[in-house]
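Undergrad: Pasting final.cif below, which is mmCIF, C-alpha atoms and all ligand atoms.
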```cif
data_work
#
loop_
_atom_site.label_atom_id
_atom_site.label_comp_id
_atom_site.auth_asym_id
_atom_site.auth_seq_id
_atom_site.Cartn_x
_atom_site.Cartn_y
_atom_site.Cartn_z
CA MET A 205 12.53 -17.57 10.32
CA ALA A 206 10.89 -19.57 7.53
CA THR A 207 13.73 -22.10 7.40
CA GLU A 208 13.56 -22.69 11.14
CA ALA A 209 9.91 -23.78 11.01
CA GLN A 210 9.67 -25.70 7.69
CA PRO A 211 7.57 -27.45 6.59
CA LEU A 212 5.11 -25.00 7.98
CA GLY A 213 1.70 -25.90 6.64
CA GLN A 214 -1.21 -23.50 6.97
CA ASP A 215 -0.95 -23.96 10.69
CA ALA A 216 -3.03 -21.37 12.49
CA ALA A 217 -0.99 -21.71 15.66
CA TRP A 218 2.22 -21.06 13.79
CA LEU A 219 0.80 -18.04 11.98
CA GLY A 220 -0.60 -16.70 15.25
CA LYS A 221 2.82 -16.98 16.84
CA TYR A 222 4.19 -14.60 14.24
CA ASP A 223 1.34 -12.09 14.23
CA ASP A 224 3.75 -9.26 14.90
CA VAL A 225 5.82 -10.26 11.87
CA HIS A 226 3.07 -10.43 9.28
CA MET A 227 0.77 -7.71 10.54
CA HIS A 228 1.91 -5.37 7.77
CA VAL A 229 1.37 -7.84 4.96
CA PHE A 230 -1.36 -6.80 2.52
CA GLY A 231 -3.90 -9.15 1.08
CA THR A 232 -6.27 -11.73 2.35
CA PRO A 233 -6.16 -14.58 2.80
CA LEU A 234 -2.56 -14.42 3.93
CA ARG A 235 -0.26 -16.67 1.95
CA VAL A 236 3.22 -17.42 3.18
CA LEU A 237 5.42 -17.94 0.14
CA ASP A 238 8.38 -20.25 0.34
CA HIS A 239 10.27 -20.59 -2.94
CA GLY A 240 9.94 -20.10 -6.66
CA GLN A 241 11.25 -21.37 -9.97
CA GLY A 242 10.80 -19.49 -13.23
CA MET A 243 7.20 -18.27 -13.51
CA ARG A 244 6.01 -20.27 -10.50
CA VAL A 245 6.11 -19.84 -6.78
CA TRP A 246 5.04 -22.18 -3.99
CA ASP A 247 3.63 -21.40 -0.57
CA VAL A 248 4.56 -23.19 2.62
CA ASP A 249 1.69 -25.64 2.10
CA GLY A 250 3.05 -26.66 -1.27
CA ASN A 251 0.37 -24.79 -3.25
CA GLU A 252 1.67 -23.69 -6.65
CA TYR A 253 0.97 -20.28 -8.20
CA LEU A 254 1.58 -18.89 -11.66
CA ASP A 255 3.01 -15.47 -10.85
CA PHE A 256 1.53 -12.66 -12.94
CA LEU A 257 2.65 -9.94 -10.55
CA ALA A 258 6.39 -10.70 -10.29
CA GLY A 259 6.82 -9.04 -6.91
CA ILE A 260 5.08 -5.95 -8.37
CA ALA A 261 6.88 -5.72 -11.68
CA VAL A 262 10.24 -6.64 -10.18
CA ASN A 263 11.19 -10.26 -10.95
CA ALA A 264 11.98 -9.75 -14.62
CA LEU A 265 13.61 -13.19 -14.85
CA GLY A 266 11.09 -14.90 -12.60
CA TYR A 267 12.43 -16.87 -9.66
CA ALA A 268 15.86 -18.44 -9.24
CA HIS A 269 17.11 -17.80 -12.77
CA PRO A 270 20.41 -19.70 -13.05
CA ASP A 271 22.36 -16.72 -14.45
CA TRP A 272 21.08 -14.44 -11.71
CA CYS A 273 21.83 -16.97 -8.94
CA GLU A 274 25.29 -17.63 -10.32
CA ALA A 275 26.15 -13.92 -10.61
CA VAL A 276 24.96 -13.16 -7.07
CA ALA A 277 26.73 -16.20 -5.60
CA GLN A 278 30.00 -15.36 -7.35
CA GLN A 279 29.88 -11.70 -6.37
CA ALA A 280 29.05 -12.64 -2.77
CA GLN A 281 32.28 -14.58 -2.68
CA ARG A 282 34.26 -11.58 -3.95
CA ALA A 283 32.68 -8.63 -2.11
CA ALA A 284 29.05 -8.00 -1.28
CA HIS A 285 29.48 -4.48 -0.02
CA VAL A 286 32.24 -1.89 0.11
CA SER A 287 30.49 1.44 1.03
CA ASN A 288 30.27 4.48 -1.17
CA TYR A 289 33.82 5.55 -0.39
CA PHE A 290 34.82 3.11 -3.11
CA ALA A 291 33.68 2.06 -6.54
CA THR A 292 33.56 -1.50 -7.81
CA LYS A 293 33.79 -3.00 -11.28
CA PRO A 294 30.16 -4.22 -11.38
CA GLN A 295 28.95 -0.80 -10.29
CA ILE A 296 30.92 1.02 -12.98
CA GLU A 297 29.85 -1.49 -15.62
CA LEU A 298 26.22 -1.16 -14.59
CA ALA A 299 26.26 2.65 -14.67
CA THR A 300 27.84 2.54 -18.13
CA LYS A 301 25.26 0.02 -19.32
CA LEU A 302 22.30 2.01 -17.99
CA ILE A 303 23.55 5.16 -19.70
CA GLU A 304 23.88 3.19 -22.93
CA LEU A 305 20.39 1.63 -22.64
CA ALA A 306 18.82 5.03 -21.92
CA GLY A 307 20.71 6.60 -24.82
CA ALA A 308 21.90 9.33 -22.46
CA PRO A 309 24.58 11.67 -23.84
CA GLN A 310 28.26 11.92 -22.94
CA GLY A 311 28.71 13.30 -19.44
CA SER A 312 25.51 11.76 -18.06
CA HIS A 313 25.67 10.29 -14.57
CA VAL A 314 23.97 7.47 -12.68
CA TYR A 315 23.26 7.79 -8.95
CA PHE A 316 22.30 4.56 -7.28
CA GLY A 317 19.90 4.03 -4.40
CA ASN A 318 18.02 1.09 -3.00
CA SER A 319 14.41 1.64 -4.07
CA GLY A 320 12.10 3.60 -6.32
CA ALA A 321 11.29 6.12 -3.64
CA GLU A 322 14.99 6.81 -3.10
CA ALA A 323 15.48 7.17 -6.84
CA ASN A 324 12.83 9.89 -6.90
CA GLU A 325 14.25 11.54 -3.78
CA ALA A 326 17.51 11.95 -5.67
CA ALA A 327 15.70 13.35 -8.71
CA LEU A 328 13.78 15.85 -6.58
CA LYS A 329 16.99 16.92 -4.85
CA MET A 330 18.55 17.55 -8.24
CA ALA A 331 15.43 19.47 -9.31
CA LYS A 332 15.77 21.65 -6.22
CA LEU A 333 19.40 22.48 -7.00
CA TYR A 334 18.36 23.22 -10.56
CA GLY A 335 15.47 25.37 -9.32
CA ALA A 336 17.88 27.44 -7.27
CA THR A 337 19.71 28.33 -10.50
CA LEU A 338 16.44 29.74 -11.92
CA GLN A 339 15.73 31.95 -8.95
CA THR A 340 14.78 35.42 -10.01
CA ASP A 341 15.57 38.65 -8.12
CA ASP A 342 12.13 38.76 -6.56
CA ALA A 343 12.85 35.37 -4.98
CA ARG A 344 9.47 33.83 -5.75
CA PRO A 345 10.04 30.17 -4.96
CA TYR A 346 10.46 27.82 -7.92
CA ARG A 347 7.93 25.02 -8.20
CA ILE A 348 7.90 21.34 -9.09
CA LEU A 349 4.87 20.00 -10.95
CA ALA A 350 3.51 16.49 -10.45
CA LEU A 351 0.46 14.81 -11.96
CA THR A 352 -2.86 13.78 -10.50
CA HIS A 353 -2.93 9.99 -10.00
CA GLY A 354 0.88 9.87 -10.03
CA PHE A 355 2.78 7.64 -7.62
CA HIS A 356 6.45 8.19 -6.79
CA GLY A 357 7.00 6.45 -3.44
CA ARG A 358 6.36 6.83 0.25
CA THR A 359 9.38 8.70 1.59
CA MET A 360 8.76 12.36 2.37
CA GLY A 361 9.98 13.89 -0.90
CA ALA A 362 8.55 11.19 -3.14
CA LEU A 363 5.32 11.27 -1.14
CA SER A 364 5.07 15.02 -1.69
CA ALA A 365 4.84 14.32 -5.42
CA THR A 366 2.45 11.39 -4.95
CA TRP A 367 -1.13 12.32 -5.59
CA LYS A 368 -3.42 9.85 -3.81
CA PRO A 369 -4.75 11.86 -0.87
CA VAL A 370 -5.29 8.84 1.39
CA ILE A 371 -1.60 8.01 1.43
CA ARG A 372 -0.29 11.60 1.28
CA THR A 373 -2.43 13.87 3.44
CA PRO A 374 -1.85 12.16 6.82
CA PHE A 375 1.81 13.21 6.51
CA GLU A 376 1.30 16.84 5.52
CA PRO A 377 2.90 19.34 5.62
CA LEU A 378 5.32 17.79 3.18
CA VAL A 379 7.90 19.30 0.83
CA PRO A 380 6.57 22.74 -0.20
CA ASN A 381 5.99 24.09 -3.71
CA ILE A 382 5.11 20.79 -5.32
CA GLU A 383 1.86 21.31 -7.23
CA PHE A 384 -0.47 18.78 -8.79
CA VAL A 385 -1.67 19.25 -12.35
CA GLU A 386 -4.46 17.27 -14.02
CA ALA A 387 -2.83 14.36 -15.86
CA ASN A 388 -3.24 14.13 -19.63
CA ASP A 389 -4.55 17.71 -19.89
CA LEU A 390 -2.02 19.75 -21.84
CA ASP A 391 -3.91 23.01 -21.36
CA ALA A 392 -3.77 22.49 -17.60
CA MET A 393 -0.04 21.84 -17.84
CA GLY A 394 0.47 24.95 -19.97
CA ALA A 395 -1.47 27.02 -17.45
CA ALA A 396 0.54 25.59 -14.57
CA PHE A 397 3.73 27.01 -16.09
CA ALA A 398 2.37 30.55 -16.02
CA THR A 399 4.21 32.93 -13.69
CA ASP A 400 2.12 36.07 -14.29
CA ASP A 401 -0.05 35.27 -11.26
CA GLY A 402 2.81 35.77 -8.82
CA LYS A 403 4.03 32.19 -8.96
CA GLY A 404 7.69 31.27 -9.28
CA PRO A 405 9.24 29.44 -12.23
CA VAL A 406 8.80 25.72 -12.74
CA ALA A 407 12.02 23.82 -12.03
CA ALA A 408 10.75 20.40 -13.05
CA VAL A 409 7.83 18.22 -14.00
CA ILE A 410 7.88 14.71 -12.54
CA MET A 411 5.71 12.13 -14.25
CA GLU A 412 5.19 8.46 -15.07
CA LEU A 413 4.32 7.76 -18.70
CA ILE A 414 2.00 4.94 -17.65
CA GLN A 415 0.64 5.52 -14.15
CA GLY A 416 1.14 2.06 -12.71
CA GLU A 417 -0.16 2.28 -9.17
CA ALA A 418 -3.15 4.30 -10.38
CA GLY A 419 -4.22 1.26 -12.40
CA VAL A 420 -1.89 1.22 -15.42
CA LEU A 421 -3.23 4.50 -16.83
CA PRO A 422 -1.33 5.47 -20.00
CA LEU A 423 -0.72 9.11 -20.82
CA ASP A 424 -1.33 10.12 -24.43
CA ALA A 425 1.69 10.42 -26.69
CA GLU A 426 0.63 13.92 -27.72
CA TYR A 427 0.44 14.95 -24.08
CA ILE A 428 3.88 13.55 -23.27
CA ARG A 429 5.43 15.30 -26.27
CA GLY A 430 3.60 18.47 -25.27
CA VAL A 431 4.99 18.36 -21.74
CA ARG A 432 8.49 17.94 -23.17
CA ALA A 433 7.93 20.99 -25.37
CA LEU A 434 6.66 23.05 -22.41
CA CYS A 435 9.68 22.03 -20.34
CA ASP A 436 11.96 23.12 -23.19
CA GLU A 437 10.13 26.41 -23.60
CA HIS A 438 10.33 27.22 -19.89
CA ASN A 439 13.76 25.74 -19.11
CA ALA A 440 12.26 23.16 -16.79
CA LEU A 441 13.52 19.61 -16.23
CA MET A 442 11.43 16.68 -17.36
CA ILE A 443 11.79 13.89 -14.79
CA VAL A 444 10.41 10.61 -16.06
CA ASP A 445 9.72 8.07 -13.33
CA GLU A 446 10.46 4.72 -14.95
CA VAL A 447 10.47 2.80 -11.69
CA GLN A 448 7.62 0.58 -12.89
CA THR A 449 7.79 1.05 -16.66
CA GLY A 450 11.55 0.76 -17.13
CA MET A 451 13.93 -2.12 -17.84
CA GLY A 452 11.97 -3.61 -20.71
CA ARG A 453 8.62 -3.98 -19.00
CA THR A 454 6.62 -1.93 -21.51
CA GLY A 455 8.33 -3.34 -24.59
CA ALA A 456 11.15 -0.78 -24.75
CA TRP A 457 14.09 -0.51 -22.37
CA PHE A 458 12.45 2.66 -21.07
CA ALA A 459 8.90 3.81 -21.77
CA PHE A 460 10.14 7.20 -23.02
CA GLN A 461 11.80 5.37 -25.92
CA ARG A 462 8.55 4.01 -27.37
CA ASP A 463 8.10 4.73 -31.06
CA ASP A 464 5.05 6.98 -30.94
CA LEU A 465 6.86 9.51 -28.73
CA GLY A 466 9.15 10.33 -31.62
CA GLY A 467 12.41 10.23 -29.66
CA ILE A 468 11.84 12.52 -26.69
CA THR A 469 14.76 12.92 -24.29
CA PRO A 470 14.08 13.37 -20.59
CA ASP A 471 16.45 15.27 -18.32
CA ILE A 472 16.25 12.74 -15.52
CA VAL A 473 15.07 9.13 -15.56
CA THR A 474 14.48 7.22 -12.36
CA PHE A 475 14.57 3.41 -12.24
CA ALA A 476 14.21 0.63 -9.66
CA LYS A 477 11.99 -2.49 -9.42
CA GLY A 478 13.06 -4.70 -12.36
CA VAL A 479 16.61 -3.36 -12.70
CA ALA A 480 18.27 -6.00 -10.51
CA GLY A 481 15.68 -8.75 -11.03
CA GLY A 482 14.70 -8.94 -7.36
CA PHE A 483 17.68 -7.42 -5.57
CA PRO A 484 16.67 -4.07 -3.98
CA MET A 485 18.12 -1.36 -6.20
CA GLY A 486 17.06 1.96 -7.65
CA GLY A 487 18.63 5.08 -9.00
CA MET A 488 18.51 7.94 -11.43
CA ILE A 489 20.20 8.88 -14.64
CA SER A 490 20.85 12.59 -15.08
CA PHE A 491 21.19 13.43 -18.75
CA GLY A 492 24.23 15.41 -19.80
CA GLU A 493 27.20 17.00 -18.15
CA GLU A 494 25.75 20.36 -17.19
CA LEU A 495 22.84 18.93 -15.22
CA SER A 496 24.93 16.16 -13.68
CA ALA A 497 27.42 18.74 -12.41
CA LEU A 498 24.77 19.94 -9.94
CA PHE A 499 25.65 16.92 -7.80
CA SER A 500 29.19 17.00 -6.50
CA PRO A 501 30.74 14.46 -4.12
CA GLY A 502 28.78 14.64 -0.88
CA THR A 503 25.60 16.15 -2.37
CA HIS A 504 23.88 12.81 -2.32
CA GLY A 505 24.61 9.26 -1.25
CA SER A 506 23.54 6.19 0.64
CA THR A 507 25.60 3.52 2.39
CA PHE A 508 24.35 0.58 0.35
CA ALA A 509 23.77 2.43 -2.90
CA GLY A 510 25.23 0.68 -5.94
CA ASN A 511 26.71 -2.10 -3.86
CA PRO A 512 28.49 -4.76 -5.92
CA LEU A 513 26.06 -7.55 -5.06
CA GLY A 514 23.11 -5.58 -6.42
CA ALA A 515 25.15 -4.39 -9.39
CA ALA A 516 26.09 -7.98 -10.24
CA ALA A 517 22.42 -8.98 -9.98
CA ALA A 518 21.47 -6.10 -12.28
CA LEU A 519 24.17 -6.91 -14.85
CA ALA A 520 23.00 -10.54 -14.91
CA THR A 521 19.36 -9.45 -15.29
CA ILE A 522 20.14 -7.07 -18.14
CA GLY A 523 22.40 -9.69 -19.74
CA VAL A 524 19.58 -12.26 -19.89
CA ILE A 525 17.04 -9.69 -21.09
CA GLU A 526 19.41 -8.75 -23.93
CA ARG A 527 20.49 -12.28 -24.82
CA GLU A 528 16.95 -13.65 -24.92
CA GLY A 529 15.39 -10.66 -26.63
CA LEU A 530 12.92 -10.18 -23.78
CA VAL A 531 12.22 -6.51 -24.54
CA ALA A 532 10.77 -7.31 -27.96
CA GLN A 533 9.14 -10.41 -26.53
CA ALA A 534 7.34 -8.27 -23.90
CA ASN A 535 5.52 -6.60 -26.79
CA GLU A 536 4.42 -9.88 -28.33
CA ARG A 537 3.34 -11.46 -25.07
CA GLY A 538 1.54 -8.30 -24.02
CA GLU A 539 -0.42 -8.27 -27.25
CA GLN A 540 -1.26 -11.95 -26.77
CA LEU A 541 -2.38 -11.29 -23.19
CA ARG A 542 -4.61 -8.32 -23.99
CA THR A 543 -6.20 -9.98 -27.02
CA GLY A 544 -6.69 -13.25 -25.16
CA ILE A 545 -8.32 -11.62 -22.16
CA MET A 546 -10.90 -9.81 -24.26
CA ALA A 547 -11.49 -12.97 -26.32
CA THR A 548 -12.65 -14.76 -23.15
CA ASP A 549 -15.85 -12.69 -23.34
CA ASN A 550 -15.95 -12.82 -19.56
CA PRO A 551 -18.74 -10.35 -18.64
CA LEU A 552 -16.64 -9.17 -15.70
CA PHE A 553 -14.04 -7.69 -18.06
CA ALA A 554 -14.97 -4.29 -19.47
CA SER A 555 -11.66 -3.53 -21.18
CA VAL A 556 -7.95 -4.14 -21.04
CA ARG A 557 -5.13 -1.61 -21.28
CA GLY A 558 -1.36 -1.44 -21.04
CA ARG A 559 1.85 -1.86 -22.96
CA GLY A 560 4.25 -4.76 -23.15
CA LEU A 561 3.88 -6.73 -19.94
CA LEU A 562 2.40 -3.95 -17.81
CA ASN A 563 -1.34 -4.43 -18.20
CA ALA A 564 -4.65 -3.97 -16.46
CA ILE A 565 -8.12 -5.39 -16.78
CA VAL A 566 -10.91 -2.92 -16.07
CA LEU A 567 -13.81 -4.70 -14.37
CA THR A 568 -17.50 -4.10 -14.86
CA ARG A 569 -18.03 -4.36 -11.09
CA PRO A 570 -15.93 -3.06 -8.14
CA CYS A 571 -14.82 -6.49 -6.97
CA ALA A 572 -11.09 -6.40 -7.70
CA HIS A 573 -9.98 -7.48 -4.22
CA ALA A 574 -12.30 -10.48 -4.23
CA ALA A 575 -11.05 -11.24 -7.75
CA VAL A 576 -7.44 -11.29 -6.51
CA GLY A 577 -8.47 -13.74 -3.76
CA TRP A 578 -10.34 -15.91 -6.28
CA ALA A 579 -7.32 -15.91 -8.61
CA LEU A 580 -5.04 -16.95 -5.73
CA ASP A 581 -7.38 -19.83 -4.92
CA HIS A 582 -7.09 -20.85 -8.57
CA GLY A 583 -3.31 -20.63 -8.66
CA LEU A 584 -2.75 -17.21 -10.22
CA ILE A 585 -1.08 -14.19 -8.58
CA ILE A 586 -2.32 -10.76 -9.71
CA ASN A 587 -3.18 -7.59 -7.78
CA ALA A 588 -5.80 -4.87 -7.48
CA PRO A 589 -4.53 -1.27 -7.71
CA SER A 590 -8.16 -0.09 -7.38
CA PRO A 591 -11.58 -1.69 -6.77
CA THR A 592 -12.27 -1.92 -10.51
CA VAL A 593 -8.81 -2.74 -11.82
CA LEU A 594 -6.67 -5.89 -11.89
CA ARG A 595 -2.99 -5.47 -12.71
CA LEU A 596 -1.00 -8.10 -14.59
CA ALA A 597 2.77 -7.65 -14.65
CA PRO A 598 4.32 -11.08 -15.14
CA PRO A 599 8.06 -11.73 -15.41
CA LEU A 600 9.51 -10.86 -18.81
CA ILE A 601 10.35 -14.55 -19.30
CA ALA A 602 6.62 -15.41 -19.59
CA SER A 603 6.13 -17.88 -22.44
CA GLU A 604 3.22 -18.16 -24.85
CA GLN A 605 1.98 -21.11 -22.79
CA ASP A 606 2.21 -19.16 -19.52
CA ILE A 607 0.11 -16.38 -21.03
CA ASN A 608 -2.47 -18.87 -22.29
CA GLU A 609 -2.58 -20.54 -18.89
CA ALA A 610 -3.27 -17.21 -17.16
CA ILE A 611 -5.95 -16.35 -19.72
CA GLY A 612 -7.51 -19.77 -19.11
CA ILE A 613 -7.79 -19.07 -15.38
CA LEU A 614 -9.06 -15.51 -15.89
CA ALA A 615 -11.71 -16.79 -18.31
CA LEU A 616 -13.30 -18.72 -15.44
CA MET A 617 -13.42 -15.78 -13.05
CA PRO A 618 -17.04 -15.52 -11.86
CA ASN A 619 -19.14 -12.43 -12.30
CA ASP A 620 -20.73 -12.48 -8.84
CA LEU A 621 -17.69 -11.82 -6.63
CA ALA A 622 -18.18 -9.64 -3.56
CA THR A 623 -17.99 -5.93 -4.28
CA GLU A 624 -16.27 -3.41 -1.99
N1 LIG B 701 7.57 5.19 -8.67
C1 LIG B 701 6.70 4.37 -9.25
C2 LIG B 701 6.18 4.70 -10.61
C3 LIG B 701 6.27 3.20 -8.61
O1 LIG B 701 5.40 2.38 -9.21
C4 LIG B 701 6.79 2.91 -7.34
C5 LIG B 701 6.36 1.72 -6.60
O2 LIG B 701 5.38 1.09 -6.90
C6 LIG B 701 7.69 3.81 -6.76
C7 LIG B 701 8.07 4.94 -7.45
C8 LIG B 701 8.26 3.55 -5.41
O3 LIG B 701 9.16 2.50 -5.48
P1 LIG B 701 9.59 1.72 -4.16
O4 LIG B 701 8.37 0.99 -3.67
O5 LIG B 701 10.69 0.81 -4.60
O6 LIG B 701 10.05 2.75 -3.19
#
```
Represent the structure of the file as structure tokens.
TA:
Amino acid sequence: MATEAQPLGQDAAWLGKYDDVHMHVFGTPLRVLDHGQGMRVWDVDGNEYLDFLAGIAVNALGYAHPDWCEAVAQQAQRAAHVSNYFATKPQIELATKLIELAGAPQGSHVYFGNSGAEANEAALKMAKLYGATLQTDDARPYRILALTHGFHGRTMGALSATWKPVIRTPFEPLVPNIEFVEANDLDAMGAAFATDDGKGPVAAVIMELIQGEAGVLPLDAEYIRGVRALCDEHNALMIVDEVQTGMGRTGAWFAFQRDDLGGITPDIVTFAKGVAGGFPMGGMISFGEELSALFSPGTHGSTFAGNPLGAAAALATIGVIEREGLVAQANERGEQLRTGIMATDNPLFASVRGRGLLNAIVLTRPCAHAAVGWALDHGLIINAPSPTVLRLAPPLIASEQDINEAIGILALMPNDLATE
């Protein structure tokens, strides 16, 4: 549609004509993006933006990276899609690579899907099969624990484990026996495991290690280690949702690998977003042979899952991240970004938090949506997960100069923006 009408201009008549198309687009004022290159993207009017959102933590290599384009073009000429009745070389190579990056043991499996929500659906299905193996004689139903403020996607299973009432409750009743436990409160988690009050055993805990959609809220290392210990003690699975934090974004290939966690091993890791650098892909890694054996052929699948085009895009993305040392670089750039933002002394900025290149600015006033609009007008793309939080998740290729440029724009953000 965009190619048919170019150059489009901010032509009200044209936009009006396509009201039905863009009615579900978030954000005002509406910008119609056209193309990108590296860290920058242009709208149909030719306005240039420095992209510090990366398609919500997706475009690890920015826009139109030559390796990515080449890999996708070449694979498209060989076979874009073959169905899940067949495997392909890129798919097998990608699964092997992901198992290696996650440090998963021999016998681990990767199940591909097309999004983060689907990745978590698969994990919850596996948790249900696992739960069935725990069933006691009195048949009290096993439970799955999720955290307050957690976000796992908008399909029915993933939504059932997603906390925010405004997006969950309109669709209730959802999947039963998923309970919410106060995040970062180890006593609450310990209590939630108790079965002496007539409750069934816990099959799994699903959690993000940094709650991205909630506003980049990190969980304490002690808490994360404590949850792992509780899962071990009670034979429950620890499902780590790395949809937003994975693939190098937080300065480790996966957030569970960060140093201060002391080498914890999850049972299931879900991934999506950045894995294929902009091609829709997600999936889960089940750790070890015994757990993986719960899925047999036919237990789970999806027509497009693991298709060779996406797998080639993912292999190219991972290849560049490895070759250019972008995981370690995410740590350096993140540090530069956080320090630089606070050094602006902008009275609108109360604090900054995050890891690697997944960061948030906490505002002194609830004006985040107006701030996003102001930033757009000044050539910077960011977003507002809540009225007092701005999220910054630039591509992993962000250079020192790009970070300084973003800081320079943020420094000028006024302190009298409209509140909500
Ligand atoms: N899990 C987490 C932690 C996410 O941040 C998201 C999306 O923001 C999802 C799951 C859902 O992913 P998707 O939008 O690809 O379905």
Undergrad: So, with only C-alpha atoms as the atoms that count, which of A:Ile545, A:Phe460, A:Gly320, A:Gly466 lies closest to A:Ala308?
TA: A:Phe460
Undergrad: Please write out, as AutoDock Vina command-line options, where the centre of an axis-aligned box around all listed atoms of ligand LIG 701 (chain B) lies and how long its edges are, in Å to one decimal, after adding 5 Å on each side.
TA:
```
--center_x 8.0 --center_y 3.0 --center_z -6.9 --size_x 15.3 --size_y 14.4 --size_z 17.4
```
Undergrad: Find the residues near A:Leu530: any atom within 12 Å, counting only C-alpha atoms, skip ones fewer than 4 places away on the same chain, and give them as a PyMOL selection string.
TA: chain A and resi 264-265+451-457+521-526+534-538+560-561+599-603
Undergrad: Between atom CA of A:Thr373 and atom CA of A:Ala258, what is the distance in Å, rounded to a tenth?
TA: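 We find that atom CA of A:Thr373 and atom CA of A:Ala258 lie 29.5 Å from each other.
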Undergrad: Could you pull out the residues sitting within 9 Å of ligand LIG 701 (chain B), using all atoms listed in the file, and write them as a VMD selection string?
TA: chain A and resid 260 to 261 318 to 324 354 to 359 362 366 411 to 418 445 to 449 474 to 477 484 to 486
Undergrad: Please compute the atom CA of A:Ser490-atom CA of A:Val314 distance, one decimal, in Å.
TA: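 Separation of atom CA of A:Ser490 and atom CA of A:Val314: 6.5 Å.
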Undergrad: Compute the distance from (22.7, 15.2, -3.3) to each atom, counting all atoms listed in the file, keep the residues with any atom at most 10 Å away, and return them as number ranges by chain; use the coordinates of the file.
TA: A: 315, 325-330, 332-333, 498-506
Undergrad: Please compute the atom CA of A:Glu609-atom CA of A:Val566 distance, one decimal, in Å.
TA: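 Value for the atom CA of A:Glu609-atom CA of A:Val566 distance: 19.7 Å.
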Undergrad: Which residue is closest to A:Pro309? Choose from A:Ala597, A:Thr568, A:Met488, A:Asp471 and count only C-alpha atoms.
TA: A:Asp471
Undergrad: For each of A:Gly259, A:Pro551, A:Gly250, A:Pro598, take the minimum atom-to-atom distance to A:Asn563, counting only C-alpha atoms, then give the residue where this is smallest.
TA: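 Selected residue with least distance to A:Asn563: A:Pro598.
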Undergrad: Which polymer residues have any atom within 12 Å of an atom of A:His239, counting all atoms listed in the file, with same-chain residues fewer than 6 positions away left out, as a ChimeraX atom specification?
TA: /A:206-207,210,245-253,255,266-268
Undergrad: Can I get the selected residues back with C-alpha atoms, as a PDB file, in the frame of the given file?
TA:
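The file below, again_39.pdb, is the result:
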```pdb
ATOM      1  CA  ALA A 206      10.890 -19.570   7.530  1.00  0.00           C
ATOM      2  CA  THR A 207      13.730 -22.100   7.400  1.00  0.00           C
ATOM      3  CA  GLN A 210       9.670 -25.700   7.690  1.00  0.00           C
ATOM      4  CA  VAL A 245       6.110 -19.840  -6.780  1.00  0.00           C
ATOM      5  CA  TRP A 246       5.040 -22.180  -3.990  1.00  0.00           C
ATOM      6  CA  ASP A 247       3.630 -21.400  -0.570  1.00  0.00           C
ATOM      7  CA  VAL A 248       4.560 -23.190   2.620  1.00  0.00           C
ATOM      8  CA  ASP A 249       1.690 -25.640   2.100  1.00  0.00           C
ATOM      9  CA  GLY A 250       3.050 -26.660  -1.270  1.00  0.00           C
ATOM     10  CA  ASN A 251       0.370 -24.790  -3.250  1.00  0.00           C
ATOM     11  CA  GLU A 252       1.670 -23.690  -6.650  1.00  0.00           C
ATOM     12  CA  TYR A 253       0.970 -20.280  -8.200  1.00  0.00           C
ATOM     13  CA  ASP A 255       3.010 -15.470 -10.850  1.00  0.00           C
ATOM     14  CA  GLY A 266      11.090 -14.900 -12.600  1.00  0.00           C
ATOM     15  CA  TYR A 267      12.430 -16.870  -9.660  1.00  0.00           C
ATOM     16  CA  ALA A 268      15.860 -18.440  -9.240  1.00  0.00           C
TER      17      ALA A 268
END
```
Undergrad: If we draw a sphere of 10 Å around (32.9, -3.7, -6.6), which residues have at least one atom in it when counting all atoms listed in the file? Please report them as a PyMOL selection string.
TA: chain A and resi 279+282-287+290-297+510-516
Undergrad: What does stretch 324-340 of chain A look like written to a file with C-alpha atoms, as a PDB file, in the first residue's frame?
TA:
```
ATOM      1  CA  ASN A 324       5.003 -18.513  26.128  1.00  0.00           C
ATOM      2  CA  GLU A 325       1.996 -20.533  24.973  1.00  0.00           C
ATOM      3  CA  ALA A 326       4.392 -23.371  24.218  1.00  0.00           C
ATOM      4  CA  ALA A 327       6.069 -23.007  27.610  1.00  0.00           C
ATOM      5  CA  LEU A 328       2.727 -23.047  29.420  1.00  0.00           C
ATOM      6  CA  LYS A 329       1.653 -26.123  27.469  1.00  0.00           C
ATOM      7  CA  MET A 330       4.834 -27.868  28.541  1.00  0.00           C
ATOM      8  CA  ALA A 331       4.225 -26.748  32.138  1.00  0.00           C
ATOM      9  CA  LYS A 332       0.754 -28.274  31.973  1.00  0.00           C
ATOM     10  CA  LEU A 333       2.102 -31.620  30.772  1.00  0.00           C
ATOM     11  CA  TYR A 334       4.701 -31.443  33.515  1.00  0.00           C
ATOM     12  CA  GLY A 335       2.017 -30.549  36.074  1.00  0.00           C
ATOM     13  CA  ALA A 336       0.071 -33.642  35.109  1.00  0.00           C
ATOM     14  CA  THR A 337       3.084 -35.746  36.114  1.00  0.00           C
ATOM     15  CA  LEU A 338       2.942 -34.193  39.624  1.00  0.00           C
ATOM     16  CA  GLN A 339      -0.714 -34.949  40.149  1.00  0.00           C
ATOM     17  CA  THR A 340      -1.336 -36.489  43.518  1.00  0.00           C
TER      18      THR A 340
END
```
